[in-house]
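Inspection log for the structure reproduced underneath, given as structure tokens.
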Amino acid sequence: MGKAVIVLTTPDEERQVEIAGLVETAGYLCVGLFKQLKRPRARYLIGAGKVEEIRGFVEAQGVDLVIFEDYLTSRQVLSLEKAIKASVIDKFDLILNIFERHASSKEAMLQIELARLRRKLPYVKLYAGERLREDHPGFGSSGTYIVHSTLGAMRERVRRLEDELEGFERRVVLQGARRKEIGRVVAIVGYTNAGKTSLFNTLTGEGGKVKDEFFTTLRTKTASLDGGIFVNDTIGFIRNLPPELVHAFRATLREIKNSDLILLVLDASEPLEKMMRKKAVCEEVMVRIGADRISTIYVLNKVDLCQDAGLKAGAVGGGMPVSALTGVGVEELKRRIWAELSTR
């Protein structure tokens, strides 16, 4: 297990807990936490003094990776790596690392590769250019050719991945259309680790693996519910979802957009304010992928772990309290699904 340190530029405890959970899910041992709450700097995002403090800690503790909760530009990553003398990634790269741990389908692996390549192109351009200038100051046009050749190969790979994923997207559309010809489609969505897969298993009788980790579902899983209803278990959402990730996973996210009904799963065991913030994040993602006009049922999962389920259900405008673990409220939810779909 590699050692990592986390860098935060916000006092938000919720974001601190979330990034720590992501680090653990990615397989790293967090051995340090650094905070700087001052105005962001252009070069390092944090101040030069804080960078030096991190560098000393990294060297003393044998740290493998420095992880920023904020998103970094390619220039900032390169500057930080040169100053700290260690690998530096941000939340986006960390999420991709988790995706790679959980990817089991060809399509998921292609989507991850596409997101990583689109993300790394500006970094590689900067890195290759600077290394050539430092190591081969007289390299001239030959060095420029090497840089352009490398970038050209990466861009060609991006093009090939785009073409292959477009074919996957067409298959998704055709498959969705065939399902709609014989029934209705329900998509289960929600913040990552809200219990979507547990609810999917309980509703459909499936027995898929459930882990208390982020992003365990990357490929949409489908099963049937009584009455000609298909239920899709989809990829989890998270705050500040990067555009590159939305673009790369557009085929997977399209299955949400093409649904007849959405079950938006919320974790009722969380404090109301936290639950409502995650609800807002999910609604923002649904707007971004064009799924915001689809009829939605708010499902408050894990009510067996909370005492104020009624209050929380009222806060979301008539949410359905359920427990995927104990089965409480599941039959009522099924009746609500059938009622919603019978009117469409």
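Every chain in the structure tokens has a letter given in the order shown (A, B, ...), and although residue numbers restart at 1 in each chain, ligands are simply numbered from 1 in the order shown.
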Who sits within 7 Å of stretch 232-241 of chain A, only C-alpha atoms, same chain under 4 positions skipped, as a count of residues only: 21
Stretch 56-120 of chain A near stretch 9-15 of chain A within 10 Å: what's each residue's closest atom pair and its distance in Å to one decimal, counting only C-alpha atoms, ordered by chain then ascending residue number, as a Markdown table?
```
| residue | atom | partner | partner_atom | distance |
| --- | --- | --- | --- | --- |
| A:Phe68 | CA | A:Thr9 | CA | 8.6 |
| A:Glu69 | CA | A:Thr9 | CA | 7.7 |
| A:Asp70 | CA | A:Thr9 | CA | 7.3 |
```
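Residues of stretch 116-293 of chain A carrying a DSSP assignment of strand (DSSP E), computed from the backbone, are Arg184, Val185, Val186, Ala187, Ile188, Val189, Gly190, Lys221, Thr222, Ala223, Ser224, Leu225, Ile229, Phe230, Val231, Asn232, Asp233, Leu261, Ile262, Leu263, Leu264, Val265, Leu266 and Asp267 of chain A.
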Write out as a ChimeraX atom specification the residues lying within 9 Å of A:Val124, counting only C-alpha atoms and excluding same-chain residues fewer than 5 positions away. /A:74,129,147,150-151
Could you check the closest approach to A:Leu94 for each of A:Lys312, A:Arg43, A:Arg171, A:Arg116 and tell me which residue wins, using only C-alpha atoms?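 Result for the nearest residue to A:Leu94: A:Arg116.
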Which residue of A:Met275, A:Ile54, A:Ala194, A:Ala115 approaches A:Glu244 most closely, using only C-alpha atoms: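 Checking each of A:Met275, A:Ile54, A:Ala194, A:Ala115 against A:Glu244, counting only C-alpha atoms, the winner is A:Ala115.
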Contacts of A:Gly327 at 12 Å (only C-alpha atoms; same-chain gap of 3+ positions) as a list of chain:residue names: A:Ser198, A:Leu199, A:Phe200, A:Asn201, A:Thr202, A:Leu203, A:Gly205, A:Asn301, A:Lys302, A:Val303, A:Asp304, A:Pro321, A:Val322, A:Ser323, A:Ala324, A:Val330, A:Glu331, A:Glu332, A:Leu333, A:Lys334
Written selection (N, CA and C atoms) as a CSV table (one decimal), in the first residue's frame:
```csv
chain,number,residue,atom,x,y,z
A,198,SER,N,-27.3,-1.9,-3.7
A,198,SER,CA,-28.1,-2.6,-2.7
A,198,SER,C,-29.6,-2.5,-3.1
A,199,LEU,N,-30.1,-1.3,-3.4
A,199,LEU,CA,-31.5,-1.1,-3.8
A,199,LEU,C,-31.8,-1.9,-5.1
A,200,PHE,N,-30.9,-1.8,-6.1
A,200,PHE,CA,-31.1,-2.6,-7.3
A,200,PHE,C,-31.2,-4.1,-7.0
A,201,ASN,N,-30.4,-4.6,-6.2
A,201,ASN,CA,-30.4,-6.0,-5.8
A,201,ASN,C,-31.8,-6.4,-5.1
A,202,THR,N,-32.2,-5.5,-4.2
A,202,THR,CA,-33.4,-5.8,-3.5
A,202,THR,C,-34.6,-5.7,-4.4
A,203,LEU,N,-34.7,-4.7,-5.3
A,203,LEU,CA,-35.8,-4.5,-6.1
A,203,LEU,C,-35.9,-5.7,-7.1
A,205,GLY,N,-34.0,-8.7,-7.2
A,205,GLY,CA,-33.7,-10.1,-6.7
A,205,GLY,C,-32.3,-10.5,-7.2
A,301,ASN,N,-32.8,5.9,1.1
A,301,ASN,CA,-32.3,4.6,1.5
A,301,ASN,C,-31.6,4.7,2.9
A,302,LYS,N,-31.5,3.5,3.5
A,302,LYS,CA,-30.8,3.4,4.8
A,302,LYS,C,-31.7,4.0,6.0
A,303,VAL,N,-33.0,4.0,5.8
A,303,VAL,CA,-33.8,4.5,6.9
A,303,VAL,C,-33.7,3.7,8.2
A,304,ASP,N,-33.2,2.5,8.1
A,304,ASP,CA,-33.0,1.7,9.3
A,304,ASP,C,-31.9,2.3,10.2
A,321,PRO,N,-39.2,6.6,1.9
A,321,PRO,CA,-38.2,6.0,2.8
A,321,PRO,C,-38.2,4.5,2.6
A,322,VAL,N,-37.0,3.9,2.4
A,322,VAL,CA,-36.8,2.5,2.2
A,322,VAL,C,-35.5,2.1,2.9
A,323,SER,N,-35.4,0.8,3.1
A,323,SER,CA,-34.1,0.2,3.6
A,323,SER,C,-33.8,-1.0,2.6
A,324,ALA,N,-32.8,-0.8,1.8
A,324,ALA,CA,-32.5,-2.0,0.9
A,324,ALA,C,-32.0,-3.1,1.7
A,330,VAL,N,-39.8,-1.3,0.5
A,330,VAL,CA,-39.5,-1.7,-0.9
A,330,VAL,C,-40.8,-2.0,-1.7
A,331,GLU,N,-41.7,-2.7,-1.0
A,331,GLU,CA,-43.0,-3.0,-1.8
A,331,GLU,C,-43.7,-1.7,-2.1
A,332,GLU,N,-43.7,-0.8,-1.1
A,332,GLU,CA,-44.4,0.5,-1.4
A,332,GLU,C,-43.7,1.3,-2.6
A,333,LEU,N,-42.4,1.2,-2.6
A,333,LEU,CA,-41.6,1.8,-3.7
A,333,LEU,C,-42.0,1.1,-5.1
A,334,LYS,N,-42.1,-0.2,-5.1
A,334,LYS,CA,-42.5,-0.9,-6.3
A,334,LYS,C,-43.9,-0.4,-6.8
```
Distance query A:Gln61 at most 12 Å, only C-alpha atoms, self and fewer than 3 positions along chain excluded, as a count of residues only: 15
Based on DSSP run over this structure's backbone, return all residues of stretch 202-314 of chain A in alpha helix (DSSP H), as a PyMOL selection string. chain A and resi 202-204+243-248+250-257+272-288+309-314
Same residues, C-alpha atoms, output as a PDB file, in the first residue's frame:
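Generated output (again-v4.pdb):
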```
ATOM      1  CA  THR A 202     -33.413  -5.775  -3.471  1.00  0.00           C
ATOM      2  CA  LEU A 203     -35.808  -4.540  -6.147  1.00  0.00           C
ATOM      3  CA  THR A 204     -34.835  -7.083  -8.789  1.00  0.00           C
ATOM      4  CA  PRO A 243     -16.166  17.595 -17.949  1.00  0.00           C
ATOM      5  CA  GLU A 244     -13.596  15.096 -19.294  1.00  0.00           C
ATOM      6  CA  LEU A 245     -15.229  12.366 -17.231  1.00  0.00           C
ATOM      7  CA  VAL A 246     -18.730  13.281 -18.404  1.00  0.00           C
ATOM      8  CA  HIS A 247     -17.468  13.255 -22.001  1.00  0.00           C
ATOM      9  CA  ALA A 248     -15.673   9.916 -21.702  1.00  0.00           C
ATOM     10  CA  ARG A 250     -21.303   9.766 -22.153  1.00  0.00           C
ATOM     11  CA  ALA A 251     -22.452   6.378 -23.494  1.00  0.00           C
ATOM     12  CA  THR A 252     -22.925   5.025 -19.974  1.00  0.00           C
ATOM     13  CA  LEU A 253     -24.650   8.231 -18.844  1.00  0.00           C
ATOM     14  CA  ARG A 254     -26.908   8.157 -21.906  1.00  0.00           C
ATOM     15  CA  GLU A 255     -28.720   5.172 -20.384  1.00  0.00           C
ATOM     16  CA  ILE A 256     -29.926   7.543 -17.669  1.00  0.00           C
ATOM     17  CA  LYS A 257     -31.060  10.135 -20.198  1.00  0.00           C
ATOM     18  CA  LEU A 272     -30.191  16.429   6.530  1.00  0.00           C
ATOM     19  CA  GLU A 273     -27.938  19.264   5.339  1.00  0.00           C
ATOM     20  CA  LYS A 274     -25.372  16.838   3.924  1.00  0.00           C
ATOM     21  CA  MET A 275     -28.069  14.746   2.261  1.00  0.00           C
ATOM     22  CA  MET A 276     -29.587  17.827   0.644  1.00  0.00           C
ATOM     23  CA  ARG A 277     -26.200  19.008  -0.648  1.00  0.00           C
ATOM     24  CA  LYS A 278     -25.656  15.635  -2.323  1.00  0.00           C
ATOM     25  CA  LYS A 279     -29.192  15.795  -3.737  1.00  0.00           C
ATOM     26  CA  ALA A 280     -28.290  19.150  -5.319  1.00  0.00           C
ATOM     27  CA  VAL A 281     -25.085  17.657  -6.783  1.00  0.00           C
ATOM     28  CA  CYS A 282     -27.059  14.789  -8.353  1.00  0.00           C
ATOM     29  CA  GLU A 283     -29.626  17.197  -9.802  1.00  0.00           C
ATOM     30  CA  GLU A 284     -26.831  19.332 -11.267  1.00  0.00           C
ATOM     31  CA  VAL A 285     -25.296  16.271 -12.976  1.00  0.00           C
ATOM     32  CA  MET A 286     -28.705  15.293 -14.353  1.00  0.00           C
ATOM     33  CA  VAL A 287     -29.006  18.760 -15.892  1.00  0.00           C
ATOM     34  CA  ARG A 288     -25.557  18.393 -17.461  1.00  0.00           C
ATOM     35  CA  ALA A 309     -36.925   9.610   7.995  1.00  0.00           C
ATOM     36  CA  GLY A 310     -40.288  11.385   7.847  1.00  0.00           C
ATOM     37  CA  LEU A 311     -38.684  14.813   8.190  1.00  0.00           C
ATOM     38  CA  LYS A 312     -36.136  14.029   5.496  1.00  0.00           C
ATOM     39  CA  ALA A 313     -38.793  12.622   3.161  1.00  0.00           C
ATOM     40  CA  GLY A 314     -40.729  15.859   3.519  1.00  0.00           C
TER      41      GLY A 314
END
```
In terms of the shortest atom-to-atom distance over only C-alpha atoms, which of A:Ile297, A:Ala26, A:Cys306, A:Leu96 is closest to A:Pro271? A:Cys306
Report the distance between atom CA of A:Gly319 and atom CA of A:Thr296 in Å, rounded to one decimal place.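 Going from atom CA of A:Gly319 over to atom CA of A:Thr296 covers 9.9 Å.
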Have a look at atom CA of A:Leu8 and atom CA of A:Gln111 and let me know their distance in Å, one decimal. 28.1 Å
To one decimal place in Å, what is the distance between atom CA of A:Leu33 and atom CA of A:Leu80?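 Straight-line distance from atom CA of A:Leu33 to atom CA of A:Leu80 works out to 16.3 Å.
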From the options A:Leu261, A:Leu165, A:Ile84, A:Val63, which residue's atoms come nearest to A:Leu110, counting only C-alpha atoms? A:Leu165
